[in-house]
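Q: Hey, dropping upload34.cif in here, mmCIF, C-alpha atoms and all ligand atoms:
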data_query
loop_
_atom_site.label_atom_id
_atom_site.label_comp_id
_atom_site.auth_asym_id
_atom_site.auth_seq_id
_atom_site.Cartn_x
_atom_site.Cartn_y
_atom_site.Cartn_z
CA MET A 35 69.17 113.41 86.04
CA ASP A 36 70.38 116.64 87.64
CA LYS A 37 69.00 118.21 90.80
CA GLU A 38 67.12 121.01 89.07
CA ARG A 39 65.19 118.57 86.88
CA MET A 40 64.40 116.31 89.81
CA GLU A 41 63.07 119.27 91.76
CA PHE A 42 60.99 120.35 88.80
CA ILE A 43 59.39 116.90 88.65
CA ARG A 44 58.72 116.73 92.41
CA ASP A 45 57.15 120.18 92.44
CA GLU A 46 55.02 119.51 89.36
CA VAL A 47 53.66 116.16 90.50
CA LEU A 48 52.95 117.32 94.06
CA LYS A 49 51.28 120.58 93.07
CA ARG A 50 49.05 118.87 90.52
CA PHE A 51 48.15 115.93 92.74
CA LEU A 52 47.11 118.17 95.66
CA ASN A 53 44.95 120.13 93.27
CA TYR A 54 43.22 117.18 91.56
CA VAL A 55 42.26 115.35 94.79
CA LYS A 56 40.19 118.35 95.92
CA GLN A 57 37.67 117.78 93.14
CA ASP A 58 35.03 115.22 94.13
CA THR A 59 34.90 112.70 91.27
CA THR A 60 33.21 109.77 93.04
CA ALA A 61 31.71 107.39 90.47
CA VAL A 62 27.99 106.70 90.89
CA GLU A 63 27.04 103.12 90.06
CA GLU A 64 23.29 103.91 89.85
CA SER A 65 23.77 106.65 87.26
CA ALA A 66 23.23 105.81 83.59
CA LYS A 67 25.10 108.94 82.48
CA THR A 68 28.70 109.18 81.25
CA PRO A 69 30.47 110.40 83.28
CA SER A 70 28.36 109.11 86.15
CA SER A 71 28.94 112.21 88.30
CA PRO A 72 29.19 115.96 87.52
CA GLY A 73 32.49 116.38 89.41
CA GLN A 74 34.21 114.24 86.79
CA VAL A 75 33.14 116.70 84.08
CA ILE A 76 34.64 119.58 86.07
CA LEU A 77 37.97 117.77 86.46
CA ALA A 78 37.91 116.70 82.78
CA ASP A 79 37.41 120.31 81.66
CA GLN A 80 40.20 121.45 83.96
CA LEU A 81 42.60 118.80 82.60
CA ALA A 82 41.80 119.70 79.00
CA ARG A 83 42.55 123.33 79.88
CA GLU A 84 45.84 122.43 81.55
CA LEU A 85 46.89 120.29 78.55
CA LYS A 86 46.22 123.30 76.34
CA GLU A 87 48.26 125.56 78.63
CA LEU A 88 51.12 123.07 78.45
CA GLY A 89 51.00 123.38 74.66
CA LEU A 90 49.84 119.91 73.65
CA MET A 91 48.07 119.30 70.35
CA ASN A 92 44.31 118.84 70.09
CA PRO A 93 43.48 118.87 73.79
CA GLU A 94 39.80 118.10 74.24
CA CYS A 95 37.17 116.88 76.65
CA ASP A 96 34.59 115.01 74.54
CA GLU A 97 30.84 114.75 75.21
CA ASN A 98 31.38 111.66 77.39
CA GLY A 99 34.00 113.31 79.58
CA TYR A 100 37.03 111.56 78.06
CA VAL A 101 40.08 113.83 77.91
CA TYR A 102 42.51 113.43 75.00
CA ALA A 103 45.66 115.24 73.87
CA THR A 104 48.68 114.55 71.69
CA LEU A 105 52.32 115.40 72.19
CA PRO A 106 54.10 115.21 68.80
CA ALA A 107 57.20 113.00 68.65
CA SER A 108 60.66 114.46 69.16
CA GLU A 109 62.46 115.30 65.96
CA ASN A 110 63.50 112.27 63.86
CA VAL A 111 61.77 109.77 66.14
CA GLN A 112 59.95 107.19 64.01
CA SER A 113 58.56 104.80 66.62
CA PRO A 114 54.80 104.21 66.89
CA PRO A 115 52.59 106.44 69.06
CA VAL A 116 52.25 105.40 72.69
CA THR A 117 49.35 106.08 75.06
CA PHE A 118 49.50 106.88 78.76
CA CYS A 119 46.17 106.49 80.50
CA ALA A 120 44.78 107.18 83.98
CA HIS A 121 41.26 107.44 85.37
CA MET A 122 39.61 110.52 86.86
CA ASP A 123 36.90 108.94 89.02
CA THR A 124 37.30 107.57 92.54
CA SER A 125 35.69 104.53 94.14
CA PRO A 126 32.13 104.79 95.45
CA SER A 127 33.20 102.59 98.40
CA GLU A 128 34.30 105.67 100.37
CA SER A 129 33.39 109.35 100.27
CA GLY A 130 35.47 111.51 97.94
CA ASN A 131 33.72 114.73 98.92
CA ASP A 132 35.80 117.58 100.36
CA VAL A 133 39.10 115.68 100.41
CA LYS A 134 41.66 117.51 102.55
CA PRO A 135 45.12 116.13 101.76
CA VAL A 136 47.54 116.07 104.70
CA LEU A 137 51.31 116.13 104.14
CA HIS A 138 53.30 114.16 106.71
CA LYS A 139 56.71 115.66 105.99
CA ASP A 140 59.86 113.84 107.07
CA TYR A 141 57.83 110.76 108.06
CA GLN A 142 59.62 108.99 110.92
CA GLY A 143 58.05 105.53 110.63
CA GLY A 144 55.42 104.50 113.15
CA PRO A 145 51.69 105.16 113.15
CA ILE A 146 50.03 108.07 111.34
CA SER A 147 46.98 109.79 112.87
CA PHE A 148 44.28 111.75 111.08
CA PRO A 149 43.27 115.28 112.16
CA ASP A 150 39.56 114.89 111.36
CA ASN A 151 39.14 111.37 112.79
CA PRO A 152 40.91 110.68 116.12
CA GLU A 153 39.82 107.02 116.12
CA LEU A 154 41.54 106.28 112.83
CA MET A 155 45.19 105.14 112.77
CA LEU A 156 47.41 104.04 109.89
CA THR A 157 50.21 101.72 111.00
CA PRO A 158 53.18 100.16 109.19
CA SER A 159 51.96 96.72 110.32
CA GLU A 160 48.83 97.03 108.22
CA SER A 161 50.64 98.71 105.34
CA PRO A 162 54.27 97.49 105.45
CA PRO A 163 55.43 99.58 102.44
CA LEU A 164 55.21 102.63 104.75
CA SER A 165 58.57 101.60 106.20
CA VAL A 166 60.18 102.19 102.79
CA TYR A 167 59.39 105.89 103.05
CA LYS A 168 61.08 107.00 106.29
CA GLY A 169 62.23 110.58 105.83
CA ASP A 170 59.92 111.05 102.86
CA THR A 171 56.70 113.04 102.53
CA VAL A 172 53.71 110.73 103.02
CA ILE A 173 50.33 112.07 101.93
CA THR A 174 47.00 110.95 103.40
CA ALA A 175 43.48 112.35 103.54
CA SER A 176 42.28 113.94 106.79
CA GLY A 177 40.32 110.92 108.06
CA LYS A 178 36.83 111.45 106.67
CA THR A 179 37.35 110.56 103.03
CA LEU A 180 39.53 108.52 100.74
CA LEU A 181 42.56 110.32 99.31
CA GLY A 182 42.04 109.63 95.62
CA ALA A 183 45.63 108.62 94.80
CA ASP A 184 43.68 105.94 92.89
CA ASP A 185 44.00 107.32 90.33
CA LYS A 186 44.74 111.04 90.60
CA ALA A 187 48.34 110.12 91.36
CA GLY A 188 48.38 108.55 87.88
CA ILE A 189 46.93 111.69 86.31
CA ALA A 190 49.37 113.99 88.15
CA GLU A 191 52.31 111.77 87.11
CA ILE A 192 51.36 111.81 83.42
CA MET A 193 50.78 115.60 83.54
CA ALA A 194 54.14 116.15 85.28
CA ALA A 195 55.91 114.05 82.62
CA LEU A 196 54.24 116.13 79.88
CA ALA A 197 55.30 119.36 81.62
CA TYR A 198 58.83 117.95 81.70
CA PHE A 199 58.82 117.16 77.98
CA MET A 200 57.58 120.66 77.17
CA ARG A 201 60.36 122.22 79.23
CA TYR A 202 63.31 119.93 78.47
CA LYS A 203 63.31 119.39 74.73
CA ASP A 204 66.38 117.13 74.85
CA ALA A 205 64.23 114.40 76.45
CA LEU A 206 63.30 112.08 73.58
CA HIS A 207 59.85 110.58 73.23
CA PRO A 208 57.60 109.11 70.53
CA GLU A 209 54.26 110.68 69.74
CA LEU A 210 52.32 110.46 73.01
CA ARG A 211 48.55 110.08 72.92
CA ILE A 212 47.18 110.89 76.35
CA VAL A 213 43.78 109.80 77.61
CA PHE A 214 42.06 110.33 80.97
CA THR A 215 38.96 108.16 81.42
CA PRO A 216 35.83 108.48 83.57
CA ASP A 217 34.09 105.73 85.58
CA GLU A 218 36.85 103.11 85.70
CA GLU A 219 35.83 102.17 89.23
CA ILE A 220 32.39 101.07 88.04
CA GLY A 221 33.78 99.10 85.12
CA ARG A 222 32.88 101.57 82.37
CA GLY A 223 36.26 103.24 81.83
CA THR A 224 36.69 102.16 78.22
CA ASP A 225 33.04 101.83 77.17
CA LYS A 226 32.98 105.11 75.22
CA ILE A 227 36.65 105.54 74.44
CA THR A 228 37.61 106.59 70.90
CA LEU A 229 40.18 104.00 69.88
CA GLU A 230 41.39 106.04 66.89
CA LYS A 231 42.71 108.64 69.32
CA LEU A 232 44.94 106.16 71.13
CA GLY A 233 48.47 105.06 70.31
CA ARG A 234 49.57 101.69 68.96
CA TYR A 235 50.58 100.59 72.47
CA GLY A 236 49.59 101.88 75.87
CA TYR A 237 50.19 101.95 79.59
CA THR A 238 47.76 102.66 82.40
CA LEU A 239 49.22 104.26 85.53
CA ASP A 240 46.85 102.72 88.05
CA GLY A 241 48.95 100.27 90.06
CA SER A 242 50.25 100.51 93.60
CA MET A 243 53.80 99.74 94.83
CA ALA A 244 56.73 101.57 93.24
CA GLY A 245 58.29 99.26 90.64
CA GLU A 246 55.13 97.28 89.98
CA ILE A 247 54.25 96.21 86.43
CA GLU A 248 51.03 94.28 86.02
CA ASP A 249 50.67 92.30 82.82
CA GLU A 250 48.03 89.88 84.02
CA CYS A 251 44.51 90.17 85.34
CA PHE A 252 41.53 87.91 85.91
CA ASP A 253 39.54 86.16 83.21
CA ALA A 254 36.08 87.25 84.33
CA TRP A 255 32.65 85.67 83.84
CA LYS A 256 29.22 86.37 85.22
CA ALA A 257 26.34 83.87 85.34
CA GLU A 258 22.85 85.20 86.11
CA PHE A 259 20.36 82.61 87.32
CA GLU A 260 16.60 82.53 87.37
CA PHE A 261 14.80 79.59 89.05
CA MET A 262 11.10 79.17 88.21
CA GLY A 263 9.21 76.95 90.67
CA ARG A 264 5.60 76.15 91.44
CA ASN A 265 3.72 77.50 94.45
CA VAL A 266 1.02 75.47 96.21
CA HIS A 267 -0.65 75.90 99.63
CA PRO A 268 2.04 74.55 101.97
CA GLY A 269 -0.48 72.39 103.82
CA PHE A 270 -1.30 70.44 100.66
CA ALA A 271 1.99 70.61 98.81
CA LYS A 272 3.27 67.07 98.98
CA GLY A 273 4.59 66.01 95.60
CA LYS A 274 3.44 69.30 94.08
CA MET A 275 5.35 72.33 95.38
CA LEU A 276 8.60 73.42 93.73
CA ASN A 277 9.89 76.11 96.08
CA ALA A 278 12.19 78.15 93.83
CA ALA A 279 13.96 79.96 96.71
CA GLU A 280 14.61 76.75 98.63
CA ILE A 281 15.87 74.88 95.58
CA ALA A 282 18.11 77.83 94.67
CA ALA A 283 19.59 77.67 98.18
CA ARG A 284 20.33 73.94 97.73
CA PHE A 285 21.89 74.72 94.36
CA ILE A 286 24.13 77.43 95.82
CA SER A 287 25.25 75.06 98.57
CA GLN A 288 26.83 72.95 95.82
CA ILE A 289 29.36 75.71 95.10
CA PRO A 290 32.64 74.63 96.73
CA GLU A 291 33.24 76.87 99.74
CA GLN A 292 37.01 76.62 99.29
CA GLU A 293 36.56 78.36 95.93
CA THR A 294 34.97 81.56 97.24
CA PRO A 295 36.65 84.96 97.77
CA ALA A 296 36.95 84.47 101.54
CA HIS A 297 39.06 81.35 100.98
CA THR A 298 41.25 82.32 98.01
CA GLU A 299 44.30 84.49 97.34
CA LYS A 300 47.25 84.97 94.98
CA ARG A 301 46.62 82.91 91.83
CA GLU A 302 43.57 81.04 93.09
CA GLY A 303 40.26 81.59 91.32
CA PHE A 304 36.75 81.67 92.77
CA TYR A 305 32.96 81.75 92.47
CA HIS A 306 31.33 84.72 94.16
CA LEU A 307 27.61 84.85 94.96
CA SER A 308 25.81 88.18 94.80
CA GLY A 309 22.28 89.51 94.64
CA LEU A 310 20.34 86.53 96.00
CA ARG A 311 16.58 87.07 96.31
CA GLY A 312 13.43 85.06 95.74
CA ASP A 313 10.21 83.35 96.85
CA GLU A 314 8.36 80.11 96.05
CA ASN A 315 7.64 81.04 92.45
CA ARG A 316 10.87 82.66 91.41
CA ALA A 317 14.41 83.05 92.72
CA CYS A 318 17.31 84.96 91.20
CA PHE A 319 21.01 85.28 91.96
CA SER A 320 24.29 85.94 90.22
CA LEU A 321 27.65 84.23 90.39
CA ILE A 322 30.81 85.86 89.17
CA MET A 323 33.72 83.58 88.30
CA ARG A 324 37.31 84.78 88.38
CA ASP A 325 40.55 83.04 87.49
CA PHE A 326 43.88 83.76 85.82
CA ASP A 327 43.50 80.51 83.93
CA VAL A 328 40.85 80.46 81.18
CA GLU A 329 40.43 76.67 81.44
CA GLN A 330 39.63 76.85 85.15
CA ASN A 331 36.74 79.20 84.43
CA GLN A 332 35.58 76.94 81.59
CA GLN A 333 35.44 74.10 84.10
CA ARG A 334 33.40 76.26 86.49
CA LEU A 335 30.93 77.03 83.70
CA GLU A 336 30.69 73.33 82.83
CA TYR A 337 30.09 72.49 86.48
CA LEU A 338 27.22 75.00 86.61
CA GLU A 339 25.71 73.53 83.43
CA ALA A 340 25.91 70.07 84.96
CA LEU A 341 24.27 71.31 88.17
CA ASN A 342 21.46 72.87 86.12
CA ALA A 343 20.77 69.58 84.39
CA ALA A 344 20.94 67.62 87.64
CA PHE A 345 18.55 69.97 89.44
CA GLU A 346 16.01 70.03 86.60
CA LYS A 347 16.09 66.26 86.61
CA ARG A 348 15.73 66.00 90.37
CA TYR A 349 12.81 68.50 90.43
CA PRO A 350 10.60 67.78 87.40
CA GLY A 351 8.84 70.98 86.35
CA LEU A 352 11.57 73.28 87.69
CA LYS A 353 12.98 75.67 85.08
CA ILE A 354 16.46 77.11 85.45
CA ARG A 355 17.69 79.90 83.19
CA MET A 356 21.38 80.74 83.18
CA LYS A 357 22.71 83.72 81.25
CA THR A 358 26.49 83.96 81.02
CA THR A 359 28.59 87.00 80.12
CA HIS A 360 32.32 87.10 79.51
CA GLN A 361 33.04 90.36 81.36
CA TYR A 362 36.74 90.78 80.61
CA GLN A 363 39.72 88.62 79.79
CA ASN A 364 43.22 88.08 81.11
CA MET A 365 45.37 90.64 79.28
CA ARG A 366 48.36 88.30 79.46
CA ARG A 367 47.15 86.43 76.38
CA ILE A 368 47.44 89.61 74.34
CA LEU A 369 50.57 91.01 75.99
CA ASP A 370 52.42 87.75 75.34
CA GLN A 371 52.09 88.52 71.63
CA TYR A 372 53.82 91.92 72.13
CA PRO A 373 56.62 91.11 74.56
CA GLN A 374 58.42 94.42 73.96
CA VAL A 375 55.61 96.41 75.59
CA THR A 376 56.17 94.88 79.03
CA ALA A 377 59.92 94.41 78.48
CA LEU A 378 60.48 98.13 77.85
CA ALA A 379 58.49 98.98 81.00
CA GLU A 380 60.70 96.59 83.01
CA GLN A 381 63.81 98.17 81.51
CA ALA A 382 62.56 101.67 82.37
CA VAL A 383 61.86 100.67 85.97
CA LYS A 384 65.38 99.20 86.24
CA ASN A 385 66.98 102.24 84.61
CA ILE A 386 65.54 104.58 87.23
CA GLY A 387 66.96 102.37 89.97
CA LEU A 388 63.94 100.35 91.08
CA THR A 389 63.37 96.60 91.03
CA PRO A 390 60.62 95.61 88.59
CA LEU A 391 57.85 93.79 90.46
CA LYS A 392 55.80 91.73 88.03
CA ALA A 393 52.33 91.21 89.44
CA ALA A 394 48.93 89.81 88.55
CA ILE A 395 45.87 91.94 89.33
CA ARG A 396 43.07 90.16 91.21
CA GLY A 397 40.60 92.26 89.28
CA GLY A 398 40.50 94.08 85.95
CA THR A 399 41.82 97.36 84.59
CA ASP A 400 41.01 99.72 81.74
CA GLY A 401 44.15 98.31 80.17
CA ALA A 402 42.78 94.76 80.13
CA ARG A 403 39.84 95.95 78.08
CA LEU A 404 42.10 98.04 75.82
CA CYS A 405 44.22 94.93 75.15
CA TYR A 406 41.18 93.21 73.64
CA LYS A 407 40.24 96.34 71.70
CA GLY A 408 43.62 96.21 69.96
CA VAL A 409 45.87 98.38 72.15
CA PRO A 410 48.23 96.21 74.24
CA THR A 411 48.24 98.04 77.61
CA PRO A 412 49.88 96.74 80.81
CA ASN A 413 49.44 98.57 84.10
CA LEU A 414 52.24 100.52 85.80
CA PHE A 415 52.48 101.66 89.41
CA ALA A 416 51.14 105.05 90.41
CA GLY A 417 52.48 104.74 93.99
CA GLY A 418 49.33 104.74 96.16
CA HIS A 419 48.38 102.19 98.83
CA LEU A 420 45.21 101.05 100.65
CA PHE A 421 43.01 102.16 97.77
CA HIS A 422 39.29 102.78 98.32
CA SER A 423 39.73 103.46 102.04
CA LYS A 424 40.09 106.38 104.48
CA LYS A 425 43.66 105.22 105.10
CA GLU A 426 44.71 105.53 101.46
CA TRP A 427 48.20 107.03 101.22
CA VAL A 428 50.94 107.82 98.75
CA ALA A 429 54.59 108.81 99.18
CA LEU A 430 55.94 111.75 97.19
CA THR A 431 59.02 109.74 96.16
CA ALA A 432 56.84 106.98 94.67
CA MET A 433 54.94 109.55 92.60
CA THR A 434 58.22 111.10 91.46
CA GLN A 435 59.51 107.65 90.47
CA ALA A 436 56.36 107.04 88.41
CA VAL A 437 57.04 110.28 86.50
CA LEU A 438 60.62 109.14 85.92
CA VAL A 439 59.34 105.81 84.57
CA VAL A 440 57.08 107.60 82.08
CA ILE A 441 60.00 109.78 80.95
CA GLU A 442 62.46 106.86 80.70
CA LEU A 443 59.93 104.55 79.05
CA SER A 444 59.23 107.24 76.45
CA ARG A 445 62.95 107.54 75.77
CA LEU A 446 63.24 103.75 75.33
CA TRP A 447 60.33 103.75 72.89
CA ALA A 448 61.86 106.64 70.97
CA GLN A 449 65.03 104.60 70.55
CA SER A 450 63.35 101.26 69.87
CA GLU A 451 63.82 99.53 66.54
CA LEU A 452 60.12 99.43 65.88
CA SER A 453 58.79 101.89 63.38
CA GLU A 454 55.20 102.50 62.45
ZN ZN B 1 42.29 102.77 89.88
#
As structure tokens - that is how I would like this structure written.
A:
Amino acid sequence: MDKERMEFIRDEVLKRFLNYVKQDTTAVEESAKTPSSPGQVILADQLARELKELGLMNPECDENGYVYATLPASENVQSPPVTFCAHMDTSPSESGNDVKPVLHKDYQGGPISFPDNPELMLTPSESPPLSVYKGDTVITASGKTLLGADDKAGIAEIMAALAYFMRYKDALHPELRIVFTPDEEIGRGTDKITLEKLGRYGYTLDGSMAGEIEDECFDAWKAEFEFMGRNVHPGFAKGKMLNAAEIAARFISQIPEQETPAHTEKREGFYHLSGLRGDENRACFSLIMRDFDVEQNQQRLEYLEALNAAFEKRYPGLKIRMKTTHQYQNMRRILDQYPQVTALAEQAVKNIGLTPLKAAIRGGTDGARLCYKGVPTPNLFAGGHLFHSKKEWVALTAMTQAVLVVIELSRLWAQSELSE
């Protein structure tokens, strides 16, 4: 690609990113509305407007704050429509109000300080990928908020790629169906999505390190427990009292400590306890189970069933209710059936001069849910690091590379043998 085009991409992605992060789009877990916060509606309206200005077809922000638009295929391109997806909200774990992006131009390595928070320091030892970007422009927030590269980098990258396609008509692409979703960070990103508006295949741009392609995520279960005991005056309780809270505590102590989040990493799965509360009559808690391997989670569920039976037997009169929910599934099972979706992404990453880094997400993505709704959707890097924190950062080159991947991947799809 020539210098003029590269500069166009850098300018487009930077300008848009700096603009989008200024809008507070923090997701609000407690809200029952979609989107969960009014700032997301403002950004959604703005994006729909910008898509219209770019000249895309049918740009819209629907009543749930989902933004859609279509870029018709290049002439004579027959391949199926492809979706690029990113989310507009930011994590409630850190403030996203009044984000002031700071550009550290010609970054020299070493620690980065924050103008609005003298105590805060970002060092290469805690985020080693920083060392990759010596001489580059590194972008952080000012120290009081997160940056919002998760996932406004993804949005800016998709928008910059669209701007590129509108300007350089020789760049081939299939029909592109764009979607920007609300409330991904609180697990609702695809709840109200209109599947008919998406392509046959898709990609989320919501990953981290440049080159990363994630085609695997957790298989995720939740088990909600209710223990019903029997309260009696403690002075006269022998052989009578069934203290629900105490018995629940004994039950929880049977969960193997080595299989909890604080003791697991990489491909290891876990049980995670949350929301424990109770008294003599009634105690409640939840366990979430996570693993890349479906069978491992099945074994965890069987173990819990066995514990239930054992405890009800040991404490006659005790009632245990367990309600299980399959929250989301490992997208690998679906993506394995459509190997070209990930393979083309790997090829695109190679073609722009990066090494593809296949990774498994210790969590879920919008794409994992889309896979099980019929749109195979792996996750591509958007370039940001230290998500959900005041030290969140992104390098301009990584964002530019993500735009190049979208452009190259579109070209590969346009030339693929598959037709609709
Ligand atoms: Zn994200």
Q: Point out the residue among A:Ala448, A:Ile76, A:Ile354, A:Ile189 with the least atom-to-atom distance to Phe118 (chain A), counting all atoms listed in the file.
A: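 Among the listed residues, the smallest separation from Phe118 (chain A) belongs to A:Ile189.
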Q: Compute the distance from (65.0, 119.2, 88.8) to each atom, counting all atoms listed in the file, keep the residues with any atom at most 12 Å away, and return them as a list in words; use the coordinates of the file.
A: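 Checking each residue against the 12 Å limit leaves Met35, Asp36, Lys37, Glu38, Arg39, Met40, Glu41, Phe42, Ile43, Arg44, Asp45, Glu46, Val47, Ala194, Tyr198, Arg201, Tyr202, Thr434 and Leu438 of chain A.
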Q: Pick the closest to Pro350 (chain A) from A:Gly312, A:Pro295, A:Pro390, A:Gly263: which is it, counting only C-alpha atoms?
A: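 So, comparing all the options, the nearest one is A:Gly263.
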Q: Name the residues, by chain letter and number, that sit within 8 Å of ligand ZN 1 (chain B) using only C-alpha atoms and all ligand atoms, and give them as a list in words.
A: Ala120, His121, Thr124, Asp184, Asp185, Glu218, Glu219, Asp240, Gly241, Thr399 and Phe421 of chain A
Q: Do a neighbour search on Asp400 (chain A) at 7 Å with only C-alpha atoms, toss out local chain neighbours closer than 3 positions, and write the hits as a VMD selection string.
A: chain A and resid 218 223 to 224 403 to 404
Q: Which residues are near Gly401 (chain A)? Cut-off 7 Å, all atoms listed in the file, ignore same chain within fewer than 3 positions. Put them as a ChimeraX atom specification.
A: /A:238,404-405,411-413
Q: Report, in Å to a single decimal, how far apart CA of Asp249 (chain A) and CA of Gly233 (chain A) are.
A: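 Interatomic distance, CA of Gly233 (chain A) to CA of Asp249 (chain A): 18.0 Å.
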Q: Just give me the gap between CA of Glu258 (chain A) and CA of Gly309 (chain A) in Å, one decimal is fine.
A: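 Taking CA of Glu258 (chain A) and CA of Gly309 (chain A), their separation equals 9.6 Å.
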Q: Would you mind reading off the distance between CA of Ser125 (chain A) and CA of Ala78 (chain A), one decimal, in Å?
A: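 Distance reported for this atom pair: 16.8 Å.
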Q: Which of these residues is nearest to Thr358 (chain A), using all atoms listed in the file: A:Asp96, A:Glu314, A:Glu84, A:Glu336?
A: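 Among A:Asp96, A:Glu314, A:Glu84, A:Glu336, it is A:Glu336 that comes nearest to Thr358 (chain A).
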Q: Applying 6 Å and only C-alpha atoms, which residues near region 155-166 of chain A remain after dropping the ones on its own chain fewer than 2 positions away? List them as a ChimeraX atom specification.
A: /A:143,145-147,168
Q: Got time to write the residues from that selection, C-alpha atoms, as a short mmCIF file (atom, residue, chain, number, x, y, z; two decimals), keeping the file's coordinate frame?
A:
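The result, stored in result-v4.cif:
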data_model
loop_
_atom_site.label_atom_id
_atom_site.label_comp_id
_atom_site.auth_asym_id
_atom_site.auth_seq_id
_atom_site.Cartn_x
_atom_site.Cartn_y
_atom_site.Cartn_z
CA GLY A 143 58.05 105.53 110.63
CA PRO A 145 51.69 105.16 113.15
CA ILE A 146 50.03 108.07 111.34
CA SER A 147 46.98 109.79 112.87
CA LYS A 168 61.08 107.00 106.29
#
Q: What lies within 7 Å of region 272-277 of chain A using only C-alpha atoms, ignoring chain neighbours under 4 positions off, as a list in words?
A: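 Close residues of region 272-277 of chain A: Gly263, Arg264, Asn265, Val266, Ile281, Glu314, Asn315 and Leu352 of chain A.
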Q: For a cut-off of 10 Å around (34.1, 84.8, 95.1), file coordinates, pick out all residues using only C-alpha atoms and list them as a VMD selection string.
A: chain A and resid 291 to 298 303 to 308 321 to 324
Q: Go ahead and write the residues just picked, C-alpha atoms, as a PDB file, keeping the file's coordinate frame.
A:
ATOM      1  CA  GLU A 291      33.240  76.870  99.740  1.00  0.00           C
ATOM      2  CA  GLN A 292      37.010  76.620  99.290  1.00  0.00           C
ATOM      3  CA  GLU A 293      36.560  78.360  95.930  1.00  0.00           C
ATOM      4  CA  THR A 294      34.970  81.560  97.240  1.00  0.00           C
ATOM      5  CA  PRO A 295      36.650  84.960  97.770  1.00  0.00           C
ATOM      6  CA  ALA A 296      36.950  84.470 101.540  1.00  0.00           C
ATOM      7  CA  HIS A 297      39.060  81.350 100.980  1.00  0.00           C
ATOM      8  CA  THR A 298      41.250  82.320  98.010  1.00  0.00           C
ATOM      9  CA  GLY A 303      40.260  81.590  91.320  1.00  0.00           C
ATOM     10  CA  PHE A 304      36.750  81.670  92.770  1.00  0.00           C
ATOM     11  CA  TYR A 305      32.960  81.750  92.470  1.00  0.00           C
ATOM     12  CA  HIS A 306      31.330  84.720  94.160  1.00  0.00           C
ATOM     13  CA  LEU A 307      27.610  84.850  94.960  1.00  0.00           C
ATOM     14  CA  SER A 308      25.810  88.180  94.800  1.00  0.00           C
ATOM     15  CA  LEU A 321      27.650  84.230  90.390  1.00  0.00           C
ATOM     16  CA  ILE A 322      30.810  85.860  89.170  1.00  0.00           C
ATOM     17  CA  MET A 323      33.720  83.580  88.300  1.00  0.00           C
ATOM     18  CA  ARG A 324      37.310  84.780  88.380  1.00  0.00           C
TER      19      ARG A 324
END
Q: Hey, which of A:Glu426, A:Glu153, A:Glu302, A:Glu250 ends up closest to Leu181 (chain A)? Count only C-alpha atoms.
A: A:Glu426
Q: When distances are computed from all atoms listed in the file, which of A:Glu128, A:Glu380, A:Glu329, A:Glu248 shows the smallest separation from Gly397 (chain A)?
A: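 Closest to Gly397 (chain A), using all atoms listed in the file: A:Glu248.
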Q: Measuring atom to atom with all atoms listed in the file, identify which of A:Asp253, A:Glu442, A:Glu209, A:Asp225 is nearest to Asn364 (chain A).
A: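 Under the stated criterion, the closest residue is A:Asp253.
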Q: N, CA and C atoms are needed for region 35-44 of chain A; please write them out as a PDB file, in the coordinates of the input.
A:
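Saved the output as result.pdb:
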ATOM      1  N   MET A  35      69.913 112.138  86.156  1.00  0.00           N
ATOM      2  CA  MET A  35      69.170 113.410  86.040  1.00  0.00           C
ATOM      3  C   MET A  35      69.659 114.402  87.091  1.00  0.00           C
ATOM      4  N   ASP A  36      69.822 115.679  86.675  1.00  0.00           N
ATOM      5  CA  ASP A  36      70.380 116.640  87.640  1.00  0.00           C
ATOM      6  C   ASP A  36      69.317 117.116  88.649  1.00  0.00           C
ATOM      7  N   LYS A  37      69.827 117.838  89.651  1.00  0.00           N
ATOM      8  CA  LYS A  37      69.000 118.210  90.800  1.00  0.00           C
ATOM      9  C   LYS A  37      67.839 119.135  90.383  1.00  0.00           C
ATOM     10  N   GLU A  38      68.152 120.042  89.479  1.00  0.00           N
ATOM     11  CA  GLU A  38      67.120 121.010  89.070  1.00  0.00           C
ATOM     12  C   GLU A  38      65.935 120.280  88.412  1.00  0.00           C
ATOM     13  N   ARG A  39      66.264 119.315  87.564  1.00  0.00           N
ATOM     14  CA  ARG A  39      65.190 118.570  86.880  1.00  0.00           C
ATOM     15  C   ARG A  39      64.384 117.741  87.870  1.00  0.00           C
ATOM     16  N   MET A  40      65.094 117.112  88.812  1.00  0.00           N
ATOM     17  CA  MET A  40      64.400 116.310  89.810  1.00  0.00           C
ATOM     18  C   MET A  40      63.439 117.171  90.634  1.00  0.00           C
ATOM     19  N   GLU A  41      63.921 118.362  90.984  1.00  0.00           N
ATOM     20  CA  GLU A  41      63.070 119.270  91.760  1.00  0.00           C
ATOM     21  C   GLU A  41      61.862 119.727  90.961  1.00  0.00           C
ATOM     22  N   PHE A  42      62.098 119.962  89.683  1.00  0.00           N
ATOM     23  CA  PHE A  42      60.990 120.350  88.800  1.00  0.00           C
ATOM     24  C   PHE A  42      59.906 119.262  88.819  1.00  0.00           C
ATOM     25  N   ILE A  43      60.339 118.010  88.688  1.00  0.00           N
ATOM     26  CA  ILE A  43      59.390 116.900  88.650  1.00  0.00           C
ATOM     27  C   ILE A  43      58.629 116.771  89.974  1.00  0.00           C
ATOM     28  N   ARG A  44      59.373 116.837  91.082  1.00  0.00           N
ATOM     29  CA  ARG A  44      58.720 116.730  92.410  1.00  0.00           C
ATOM     30  C   ARG A  44      57.688 117.824  92.606  1.00  0.00           C
TER      31      ARG A  44
END
